[in-house]
Amino acid sequence: MRILDKYVIREYTKILLIILLAFSVLMIVVEVSDRMPRLIRRGATAEEMALFFLLRLPYLFLLTSPVVVLLSGMFLMNMLSKYHESIAIRSAGISIVRMVTPLFWIGLLISIVVMLLGEFVLPKTEEYRQYIYEEKIKNQKIEDKKMRSKIHYLGSSNNLYYIGFFDGYRNILKTIDITSFDPENGEIDKKITAKNAVWNGEEWIFEDCYIRYFDQGEIIVTFHEKISIAEVDITPIDFIKSAKNP
């Protein structure tokens, strides 16, 4: 690596860190001034508040990184021009493009870091931050995604599901209502209601199940004490994934 590259990288990194620190402090101050009164009213401890605000930093970094990278480059070029360093570099036969080449590599590296941060770190920090706010500060229990009630779900075959209760620990459904639609005219062509359903590892076994077929104004009803229905294309994991994050 050339001495020039080391110099450009060092100066750019210094400016980047200063601007990033300034933006972070500013954003944290805004966040604290907005949230602090509410946290105090709810009886949050100093440790809980500190952790609550610190966990916001990854989000703030993702939010400000494009502007910070741009401003750092502008300040660096201004500094090189102000002290006539860019003239000296060009006099040595080095083009401006070659001079700023390290900045492109730094930008690429920061882009990768931002992508990884947003993909792996940010969801976990925001989830834990929400956990602190909901459970530690507000003393509210977060919904268990494996124990849900009143679920509305649209299956891949456009089947509309209503589940009164889902027990993801035992893979049991209660109060099931499934509506199927004719793909040609969009009208209801089948309705399945059942008291219970149990997942056997491969399919749902419905108990006390009524199946109603709608055909040209006629309704045909069949009853089954136990039955597996092939067109029911959902699994327990689908209900868990469909749960909204707290």
# chains A, B, ... in the order shown; residues from 1 in each chain; ligands from 1
>>> residues_around(residues="Leu117 of chain A", least_positions_apart="5", cutoff="8 Å", atoms="only C-alpha atoms", output="PDB file with all heavy atoms, in the first residue's frame")
ATOM      1  N   PRO A  58     -27.255   0.920  16.773  1.00  0.00           N
ATOM      2  CA  PRO A  58     -27.181   0.271  15.448  1.00  0.00           C
ATOM      3  C   PRO A  58     -28.168   0.857  14.443  1.00  0.00           C
ATOM      4  O   PRO A  58     -27.827   1.049  13.272  1.00  0.00           O
ATOM      5  CB  PRO A  58     -27.506  -1.198  15.762  1.00  0.00           C
ATOM      6  CG  PRO A  58     -27.096  -1.376  17.176  1.00  0.00           C
ATOM      7  CD  PRO A  58     -27.413  -0.079  17.846  1.00  0.00           C
ATOM      8  N   LEU A  62     -27.203   2.857  10.906  1.00  0.00           N
ATOM      9  CA  LEU A  62     -27.763   2.543   9.592  1.00  0.00           C
ATOM     10  C   LEU A  62     -28.463   3.752   8.987  1.00  0.00           C
ATOM     11  O   LEU A  62     -28.401   3.976   7.776  1.00  0.00           O
ATOM     12  CB  LEU A  62     -28.751   1.380   9.699  1.00  0.00           C
ATOM     13  CG  LEU A  62     -28.208   0.000   9.326  1.00  0.00           C
ATOM     14  CD1 LEU A  62     -27.175  -0.459  10.352  1.00  0.00           C
ATOM     15  CD2 LEU A  62     -29.326  -1.022   9.252  1.00  0.00           C
ATOM     16  N   LEU A 122     -29.264  -5.599  13.711  1.00  0.00           N
ATOM     17  CA  LEU A 122     -30.369  -4.678  13.996  1.00  0.00           C
ATOM     18  C   LEU A 122     -31.649  -5.384  14.446  1.00  0.00           C
ATOM     19  O   LEU A 122     -32.275  -4.942  15.423  1.00  0.00           O
ATOM     20  CB  LEU A 122     -30.643  -3.802  12.771  1.00  0.00           C
ATOM     21  CG  LEU A 122     -31.715  -2.726  12.956  1.00  0.00           C
ATOM     22  CD1 LEU A 122     -31.304  -1.742  14.035  1.00  0.00           C
ATOM     23  CD2 LEU A 122     -31.981  -2.000  11.643  1.00  0.00           C
TER      24      LEU A 122
END
>>> closest_residue(among="A:Glu202, A:Leu21, A:Glu187, A:Asn196", to="Gly217 of chain A", atoms="only C-alpha atoms")
A:Glu187
>>> atom_distance(atom1="atom CA of Glu47 of chain A", atom2="atom CA of Phe23 of chain A")
23.2 Å
>>> select_by_dssp(residues="segment 35-244 of chain A", states="strand (DSSP E)", output="MDAnalysis selection string")
chainID A and resid 147:154 160:167 172:181 188:199 204:215 218:228
>>> residues_around(residues="Leu63 of chain A", least_positions_apart="4", cutoff="12 Å", atoms="only C-alpha atoms", output="JSON, numbers by chain")
{"A": [20, 23, 24, 27, 56, 57, 58, 59, 67, 68, 69, 114, 115, 117, 118, 122]}
>>> atom_distance(atom1="atom CA of Glu225 of chain A", atom2="atom CA of Leu173 of chain A")
15.3 Å
